[in-house]
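Have a look at protein-v2.csv; it's CSV, C-alpha atoms:
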chain,number,residue,atom,x,y,z
A,1,MET,CA,3.1,31.1,-145.7
A,2,LEU,CA,6.4,31.0,-147.4
A,3,VAL,CA,9.5,32.8,-146.2
A,4,LEU,CA,12.5,33.2,-148.5
A,5,LYS,CA,15.8,33.3,-146.7
A,6,ALA,CA,16.6,32.4,-143.1
A,7,GLY,CA,18.8,35.2,-141.8
A,8,ALA,CA,18.2,38.2,-139.5
A,9,VAL,CA,15.4,39.9,-141.5
A,10,ALA,CA,13.5,36.6,-141.9
A,11,PHE,CA,14.0,35.9,-138.2
A,12,GLN,CA,12.5,39.3,-137.4
A,13,LYS,CA,9.4,38.6,-139.5
A,14,LEU,CA,9.1,35.1,-138.0
A,15,GLN,CA,9.2,36.4,-134.4
A,16,GLY,CA,6.1,38.6,-135.1
A,17,LEU,CA,4.0,35.7,-136.3
A,18,PRO,CA,1.2,34.6,-133.9
A,19,LEU,CA,0.8,31.0,-132.8
A,20,GLY,CA,-1.8,29.0,-134.7
A,21,LEU,CA,-1.2,30.8,-138.0
A,22,GLY,CA,-0.9,27.6,-140.0
A,23,ARG,CA,2.0,26.1,-141.9
A,24,VAL,CA,5.1,28.2,-142.2
A,25,ARG,CA,7.7,27.1,-144.8
A,26,ILE,CA,11.1,28.7,-144.9
A,27,VAL,CA,13.2,28.1,-148.0
A,28,ALA,CA,16.8,29.2,-148.0
A,29,PRO,CA,20.2,27.7,-148.9
A,30,GLN,CA,21.3,28.2,-145.3
A,31,ALA,CA,19.7,29.3,-142.0
A,32,SER,CA,20.9,31.3,-139.0
A,33,SER,CA,21.0,29.6,-135.6
A,34,GLU,CA,18.1,31.9,-134.5
A,35,VAL,CA,15.9,30.7,-137.3
A,36,LYS,CA,16.8,27.1,-136.7
A,37,ALA,CA,15.9,27.5,-133.0
A,38,TRP,CA,12.6,29.2,-133.9
A,39,VAL,CA,11.7,26.4,-136.2
A,40,ALA,CA,12.5,23.8,-133.6
A,41,LYS,CA,10.0,25.4,-131.2
A,42,ARG,CA,7.2,25.7,-133.8
A,43,PRO,CA,5.7,22.4,-135.0
A,44,GLU,CA,3.9,24.2,-137.9
A,45,ALA,CA,7.3,25.4,-139.2
A,46,ASP,CA,9.3,23.6,-141.9
A,47,LEU,CA,12.8,24.7,-142.8
A,48,GLN,CA,14.0,23.6,-146.3
A,49,LEU,CA,17.7,24.3,-146.9
A,50,ARG,CA,17.7,24.8,-150.7
A,51,PRO,CA,17.2,27.5,-153.3
A,52,PHE,CA,13.7,28.9,-154.0
A,53,GLU,CA,11.7,27.2,-156.8
A,54,ALA,CA,8.5,28.5,-158.3
A,55,THR,CA,6.7,25.3,-157.2
A,56,ASP,CA,7.2,26.4,-153.6
A,57,LEU,CA,4.3,28.8,-154.2
A,58,ARG,CA,1.7,26.0,-154.5
A,59,ALA,CA,-0.9,26.4,-151.8
A,60,CYS,CA,0.9,29.6,-150.5
A,61,ARG,CA,-1.2,32.6,-149.6
A,62,LEU,CA,1.6,34.9,-148.3
A,63,LEU,CA,5.2,35.2,-149.4
A,64,PHE,CA,7.8,37.1,-147.4
A,65,CYS,CA,10.8,37.9,-149.5
A,66,CYS,CA,13.6,38.5,-147.0
A,67,THR,CA,16.7,38.1,-149.2
A,68,PRO,CA,19.2,40.9,-150.0
A,69,ASP,CA,19.1,39.8,-153.6
A,70,SER,CA,16.7,42.1,-155.5
A,71,GLU,CA,16.7,39.9,-158.6
A,72,GLN,CA,15.5,36.9,-156.5
A,73,HIS,CA,12.9,39.2,-154.9
A,74,ALA,CA,11.6,40.3,-158.3
A,75,TYR,CA,11.6,36.7,-159.7
A,76,ALA,CA,9.7,35.3,-156.6
A,77,ALA,CA,7.2,38.2,-156.7
A,78,ARG,CA,6.5,37.7,-160.4
A,79,GLN,CA,6.0,34.0,-159.8
A,80,ALA,CA,3.7,34.7,-156.9
A,81,ARG,CA,1.6,37.2,-158.8
A,82,GLY,CA,0.9,34.5,-161.4
A,83,VAL,CA,-0.6,32.1,-158.8
A,84,GLY,CA,-2.1,34.5,-156.2
A,85,PRO,CA,-0.3,34.9,-152.9
A,86,TRP,CA,0.3,38.3,-151.4
A,87,VAL,CA,3.9,39.4,-151.4
A,88,CYS,CA,5.8,41.3,-148.7
A,89,GLN,CA,9.2,42.5,-149.9
A,90,ALA,CA,11.4,43.4,-146.9
A,91,ALA,CA,14.0,45.2,-149.0
A,92,GLU,CA,11.6,47.1,-151.2
A,93,PRO,CA,8.2,47.4,-149.3
A,94,SER,CA,6.7,49.6,-152.0
A,95,HIS,CA,7.1,46.7,-154.5
A,96,GLY,CA,5.0,44.3,-152.3
A,97,ASP,CA,1.3,43.9,-151.6
A,98,LEU,CA,1.6,44.6,-147.9
A,99,ARG,CA,3.9,46.0,-145.3
A,100,VAL,CA,4.4,44.5,-141.8
A,101,PRO,CA,4.7,47.2,-139.1
A,102,ALA,CA,6.9,46.9,-136.0
A,103,VAL,CA,4.8,45.6,-133.2
A,104,ILE,CA,5.1,46.8,-129.6
A,105,GLN,CA,3.4,44.6,-127.0
A,106,VAL,CA,4.4,45.7,-123.5
A,107,ALA,CA,2.7,46.7,-120.3
A,108,GLY,CA,-0.7,45.5,-121.5
A,109,LEU,CA,-0.5,47.7,-124.6
A,110,LEU,CA,-0.4,46.6,-128.3
A,111,LEU,CA,0.8,49.2,-130.8
A,112,THR,CA,2.0,48.9,-134.4
A,113,LEU,CA,4.5,51.3,-135.8
A,114,SER,CA,5.6,51.9,-139.4
A,115,THR,CA,7.7,54.3,-141.4
A,116,GLY,CA,5.8,53.3,-144.5
A,117,GLY,CA,8.9,51.4,-145.8
A,118,ALA,CA,11.1,54.4,-145.6
A,119,SER,CA,13.3,53.0,-142.9
A,120,PRO,CA,12.7,49.6,-141.2
A,121,ALA,CA,15.8,50.3,-139.0
A,122,LEU,CA,14.2,53.5,-137.7
A,123,ALA,CA,11.0,51.7,-137.0
A,124,LYS,CA,12.9,49.1,-135.0
A,125,ALA,CA,14.8,51.7,-133.0
A,126,LEU,CA,11.6,53.6,-132.2
A,127,ARG,CA,9.9,50.3,-131.2
A,128,GLN,CA,12.8,49.5,-128.9
A,129,ARG,CA,12.7,53.0,-127.4
A,130,LEU,CA,8.9,52.9,-126.8
A,131,GLU,CA,9.1,49.4,-125.3
A,132,LYS,CA,11.8,50.5,-122.8
A,133,SER,CA,9.7,53.6,-121.9
A,134,PHE,CA,6.5,51.7,-121.4
A,135,LYS,CA,8.2,49.0,-119.3
A,136,GLY,CA,9.5,51.6,-116.9
A,137,SER,CA,6.1,53.4,-116.5
A,138,ASP,CA,2.9,52.9,-114.6
A,139,LEU,CA,1.0,52.1,-117.7
A,140,ALA,CA,0.6,48.4,-116.9
A,141,PHE,CA,-0.9,49.2,-113.5
A,142,VAL,CA,-3.4,51.7,-115.1
A,143,LEU,CA,-4.4,49.3,-117.8
A,144,LYS,CA,-4.9,46.5,-115.3
A,145,GLU,CA,-7.1,48.7,-113.1
A,146,LEU,CA,-9.1,49.8,-116.1
A,147,GLY,CA,-9.6,46.1,-117.0
A,148,ARG,CA,-10.6,45.3,-113.5
A,149,ARG,CA,-13.2,48.1,-113.4
A,150,ARG,CA,-14.4,47.7,-116.9
A,151,ALA,CA,-17.8,46.1,-116.1
A,152,THR,CA,-18.5,48.8,-113.5
A,153,LEU,CA,-17.5,51.6,-115.9
A,154,LYS,CA,-19.7,50.2,-118.7
A,155,ALA,CA,-22.6,50.2,-116.4
A,156,ASP,CA,-22.0,53.9,-115.6
A,157,PRO,CA,-21.3,55.8,-118.8
A,158,LYS,CA,-20.9,59.2,-117.0
A,159,ALA,CA,-18.3,57.9,-114.6
A,160,LYS,CA,-16.5,56.2,-117.5
A,161,ALA,CA,-16.4,59.4,-119.5
A,162,LYS,CA,-15.2,61.4,-116.5
A,163,LEU,CA,-12.4,58.9,-115.7
A,164,LEU,CA,-11.3,58.7,-119.3
A,165,LYS,CA,-11.2,62.5,-119.6
A,166,VAL,CA,-8.9,62.6,-116.5
A,167,LEU,CA,-6.7,59.7,-117.8
A,168,SER,CA,-6.3,61.3,-121.2
A,169,ALA,CA,-5.4,64.7,-119.9
A,170,PRO,CA,-1.8,65.7,-120.8
A,171,LYS,CA,-0.6,66.0,-117.2
A,172,THR,CA,-2.1,62.6,-116.3
A,173,LEU,CA,-0.5,61.0,-119.3
A,174,ASP,CA,2.9,62.5,-118.4
A,175,LEU,CA,2.7,61.1,-114.9
A,176,MET,CA,1.5,57.7,-116.1
A,177,LEU,CA,4.3,57.4,-118.7
A,178,ALA,CA,7.0,58.9,-116.5
A,179,PRO,CA,9.8,56.5,-115.4
A,180,ARG,CA,8.9,54.9,-112.1
A,181,SER,CA,10.7,56.1,-109.1
A,182,ALA,CA,11.1,54.4,-105.7
A,183,GLU,CA,9.4,57.5,-104.1
A,184,ARG,CA,6.2,57.1,-106.1
A,185,HIS,CA,5.8,53.5,-105.0
A,186,LYS,CA,6.3,53.8,-101.3
Please rewrite the model in this file as structure tokens.
Amino acid sequence: MLVLKAGAVAFQKLQGLPLGLGRVRIVAPQASSEVKAWVAKRPEADLQLRPFEATDLRACRLLFCCTPDSEQHAYAARQARGVGPWVCQAAEPSHGDLRVPAVIQVAGLLLTLSTGGASPALAKALRQRLEKSFKGSDLAFVLKELGRRRATLKADPKAKAKLLKVLSAPKTLDLMLAPRSAERHK
């Protein structure tokens, strides 16, 4: 994987990468302190402080263009298409081969959220709002209990269907997702 630029947008993309993904090269004339700290913690990451060169695409399967420079994006994308890696263009998602959604991982839940490239800033704001809502709810408790009871529920499909029907009812969801209060936990 190759990431062009090492500022806020690149850092946001890097944070979403799972461990064990393989080699991650970041090429940029300069890097933010956040990107430098991320690289220091990831042995598979390599930060090269220099401009992008077409030869950077050798053995690359995925290119993240995170520069504000649309000409550099277009040049890198053209070069990539000639040698095969998929391209994700942060500034112009519709010009890339893929889009990376905002990821919400909180309270035992994993969700992805996308505005289809219309507004990454709105996707980020929605992600932050949902994370805050889920952290303050009983969702983690409910998911932990479901996990604990999974084997039992799998063995009794009728009980499982009945429980899931109750849990997915609008009133139950409202209670489960409501902010915790000291009263509810006494």
Selected residue of minimal separation from Ala178 in chain A among A:Gln79, A:Ser137, A:Thr55, A:Gln128, counting only C-alpha atoms:
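Smallest separation from Ala178 in chain A among the options: A:Ser137.
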Have a look at CA of Phe64 in chain A and CA of Ala107 in chain A and let me know their distance in Å, one decimal.
29.2 Å
Can you tell me how far CA of Gln15 in chain A sits from CA of Trp38 in chain A, in Å to one decimal?
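Separating CA of Gln15 in chain A from CA of Trp38 in chain A is a distance of 8.0 Å.
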In Å, rounded to a single decimal, give me how far CA of Leu177 in chain A is from CA of Leu146 in chain A.
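Between CA of Leu146 in chain A and CA of Leu177 in chain A the gap is 15.6 Å.
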Return the single residue from A:Cys60, A:Ile104, A:Cys66, A:Ala74 that is closest to Arg127 in chain A, with distances computed using only C-alpha atoms.
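Ranked by minimum distance to Arg127 in chain A, first place goes to A:Ile104.
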